[in-house]
Amino acid sequence: MTPNVLMVFPRFNPNSFWSLQAACDLWGARCPSPPLGLITLAALLPQSWNMRLVNRNAEELTEDDIAWADMVMTGGMLVQRLDAMDLIDRCQARGKPVVVGGPDVTSSPEIYERADFLVLGEAEGIIDRFVEAWTQGERRGVFRAEKFKVDVTKSPIPRFDLLKRQHYLYIGVQFSRGCPFNCEFCDIIELYGRVPRSKSIEQMLSELDALYQIGYRGHVDFVDDNLIGNKKALKQFLPALRDWQRARGYPFKFSTEASINLADDAQLLRMMSDANFFLVFVGIESPDTETLVLTQKKQNTRRSLAESVHRIYAAGMFVTAGFIVGFDTEKGGVADAMVDCIEATSIPWCMVGMLTALPNTQLSRRLEKEGRMLHDVWRNEADQCTGGLNFVTLRPRREVLSDYKAILQNIYAPDAFFARVRNVSRALKRPSRSVAPAPAAAISPSVTPPVSQPGPPPAPAPKMAGRMLELSSKWASWRVRLREIRLLLRVMWRMTVRRPDLRRHFWSVFIECARRNPAALESVVTIMVVYLHLGTFAQYVVQELDRKIEAEQGNPLPSQARTLQIA
């Protein structure tokens, strides 16, 4: 019997930095992005199986959904663990076997032992064995892929057709897995290795074709943890991506994550700009060289971070960045130093969080060895902004929390935030390109279809068909433009009427950018809109920090006041 497979993406813990809830509400979305892992898994399973996807961040899981299923597949990241565990219990109580995969179960399989099946590691390396076991009637098992051995060039086109695209701000694709660096706190190298594995050019263009053919236009995120991990492969791919974009009138704009040494490669910056990358997330972590050396993030040393970030601005991409508080080498002035770094780099959109020893990382292993891990500290926290510090700190914990609070209060004060946005509006050199509708000839797939059997030559395509394709492409382009106009009007209303406290800041930056650097205006407006989430979120985190600081006064968690020796 053909099984019904219910794929359920667990909820992220509420009040997360990455929920971008206010921005989602403004843009008419329910959550930022869809579960790329699950729709890739769906493409790996037998296509004769019936599949249904429910993203609990965007919609409810109903009793009818569960009743329909023969099996439930779920899994995700640490910040989805609570909901994933609830899903296991809920579905098993209704007699449905549950299959769990993804990064959290791979790092902590013991947490998920009550699930019926565990699929550990990259699915491409193990899913066939699971399918065989299920087909033979097995209803429990553990399947573990060999680490870092999956050939990603064999990964299929994700099942974008399963998505309710209107629920999302953007859609993700993946070019490579792994990162060549060796950051102590990072779990990516433990999950995917330090030798990046990249998809083929034809493979990536086929994925983008699939998105294009279903009518999607707009923001596409390359979810790679370090897109430039394999520069050679990326430099071979980017010219093909540029040509693909040009042929279709630039239907997509791209974002990604990369290490700061991107700024050292002028050719690579130019190639990314030519392909229409507009946003790069960079892990800066700390402005302190001693801290960067301790955490083995040496690629961030021996450079001016401000100069590096501004080189990326000059290439037409705005920068968002991650910063971390709570390293062993921190000193009392860490708050001032981090604020100064953020101001010097002019990065408005900063993810500042508390250091978290993730499972199965070099950091967690070191802290375990030193007897400093604190288990069960992070239970109901949303992410490392309100959680974290799950270990005995060397500085008094209250000082770390107070420094973190001071950073957030400084960088997300409206005057400070919009001043950085103004600096970005002046520095960002977005290319001035007209996004024209693609000609009919350009919207055929990028990959040549298989050669058919010999026979009479095909009749030429009717002119009417070509005309219809061209009209369809033009309509898609106009539809995007009309949507952008409506969104801009909503932005103006929300930023000026609904939030009169932001009116002066918004109009001052908007008018200056529109007059002096109109090519950057779309990016600048995006950053300002995100403040609707960031400003409110920072206030929430500060309230949580006040609660934690007060708790430290009455019942402090342990800390160790000692000097760390750096080899």
# chains A, B, ... in the order shown; residues from 1 in each chain; ligands from 1

call {"tool": "select_by_dssp", "arguments": {"residues": "range 253-432 of chain A", "states": "alpha helix (DSSP H)", "output": "count of residues only"}}
result
74

call {"tool": "residues_around", "arguments": {"residues": "Val8 in chain A", "least_positions_apart": "4", "cutoff": "9 Å", "atoms": "only C-alpha atoms", "output": "ChimeraX atom specification"}}
result
/A:38,52-56,61,72-75,84,87

call {"tool": "write_last_selection", "arguments": {"atoms": "N, CA and C atoms", "output": "PDB file, in the first residue's frame"}}
result
ATOM      1  N   LEU A  38      13.037  19.587   4.761  1.00  0.00           N
ATOM      2  CA  LEU A  38      11.914  18.676   4.577  1.00  0.00           C
ATOM      3  C   LEU A  38      11.495  18.558   3.118  1.00  0.00           C
ATOM      4  N   ARG A  52       2.329  15.291   2.362  1.00  0.00           N
ATOM      5  CA  ARG A  52       1.673  16.518   2.801  1.00  0.00           C
ATOM      6  C   ARG A  52       2.616  17.224   3.763  1.00  0.00           C
ATOM      7  N   LEU A  53       2.759  18.543   3.613  1.00  0.00           N
ATOM      8  CA  LEU A  53       3.660  19.333   4.449  1.00  0.00           C
ATOM      9  C   LEU A  53       2.871  20.305   5.306  1.00  0.00           C
ATOM     10  N   VAL A  54       3.172  20.316   6.608  1.00  0.00           N
ATOM     11  CA  VAL A  54       2.598  21.296   7.529  1.00  0.00           C
ATOM     12  C   VAL A  54       3.747  21.983   8.251  1.00  0.00           C
ATOM     13  N   ASN A  55       3.842  23.294   8.087  1.00  0.00           N
ATOM     14  CA  ASN A  55       4.837  24.097   8.793  1.00  0.00           C
ATOM     15  C   ASN A  55       4.133  24.754   9.973  1.00  0.00           C
ATOM     16  N   ARG A  56       4.437  24.300  11.184  1.00  0.00           N
ATOM     17  CA  ARG A  56       3.720  24.790  12.354  1.00  0.00           C
ATOM     18  C   ARG A  56       4.058  26.238  12.706  1.00  0.00           C
ATOM     19  N   LEU A  61      -1.397  22.250  12.876  1.00  0.00           N
ATOM     20  CA  LEU A  61      -1.474  20.826  12.566  1.00  0.00           C
ATOM     21  C   LEU A  61      -2.819  20.329  13.090  1.00  0.00           C
ATOM     22  N   VAL A  72       4.658   9.997  10.287  1.00  0.00           N
ATOM     23  CA  VAL A  72       4.923  11.420  10.466  1.00  0.00           C
ATOM     24  C   VAL A  72       6.430  11.623  10.483  1.00  0.00           C
ATOM     25  N   MET A  73       6.912  12.545   9.663  1.00  0.00           N
ATOM     26  CA  MET A  73       8.338  12.881   9.618  1.00  0.00           C
ATOM     27  C   MET A  73       8.516  14.292  10.148  1.00  0.00           C
ATOM     28  N   THR A  74       9.454  14.460  11.073  1.00  0.00           N
ATOM     29  CA  THR A  74       9.675  15.771  11.671  1.00  0.00           C
ATOM     30  C   THR A  74      11.134  15.900  12.075  1.00  0.00           C
ATOM     31  N   GLY A  75      11.480  17.035  12.631  1.00  0.00           N
ATOM     32  CA  GLY A  75      12.848  17.291  13.078  1.00  0.00           C
ATOM     33  C   GLY A  75      13.271  18.700  12.725  1.00  0.00           C
ATOM     34  N   ALA A  84       9.133  19.772  18.775  1.00  0.00           N
ATOM     35  CA  ALA A  84       9.368  18.459  18.168  1.00  0.00           C
ATOM     36  C   ALA A  84       9.013  17.341  19.148  1.00  0.00           C
ATOM     37  N   LEU A  87       5.326  17.027  19.347  1.00  0.00           N
ATOM     38  CA  LEU A  87       4.802  16.378  18.149  1.00  0.00           C
ATOM     39  C   LEU A  87       4.936  14.865  18.230  1.00  0.00           C
TER      40      LEU A  87
END

call {"tool": "residues_around", "arguments": {"residues": "range 330-332 of chain A", "least_positions_apart": "3", "cutoff": "7 Å", "atoms": "only C-alpha atoms", "output": "ChimeraX atom specification"}}
result
/A:291,326-327

call {"tool": "closest_atom_pairs", "arguments": {"of": "range 17-90 of chain A", "to": "range 528-551 of chain A", "cutoff": "8 Å", "atoms": "only C-alpha atoms", "output": "JSON lines"}}
result
{"residue": "A:Phe17", "atom": "CA", "partner": "A:Phe537", "partner_atom": "CA", "distance": 6.9}
{"residue": "A:Leu20", "atom": "CA", "partner": "A:His533", "partner_atom": "CA", "distance": 5.6}
{"residue": "A:Gln21", "atom": "CA", "partner": "A:His533", "partner_atom": "CA", "distance": 6.3}
{"residue": "A:Ala22", "atom": "CA", "partner": "A:His533", "partner_atom": "CA", "distance": 5.0}
{"residue": "A:Ala23", "atom": "CA", "partner": "A:Val530", "partner_atom": "CA", "distance": 5.7}

call {"tool": "write_last_selection", "arguments": {"atoms": "C-alpha atoms", "output": "mmCIF file, in the first residue's frame"}}
result
data_model
loop_
_atom_site.group_PDB
_atom_site.id
_atom_site.type_symbol
_atom_site.label_atom_id
_atom_site.label_comp_id
_atom_site.auth_asym_id
_atom_site.auth_seq_id
_atom_site.Cartn_x
_atom_site.Cartn_y
_atom_site.Cartn_z
ATOM 1 C CA PHE A 17 15.393 37.067 17.046
ATOM 2 C CA LEU A 20 11.023 38.777 12.202
ATOM 3 C CA GLN A 21 7.376 38.803 13.202
ATOM 4 C CA ALA A 22 6.625 42.491 12.655
ATOM 5 C CA ALA A 23 8.275 42.396 9.230
#
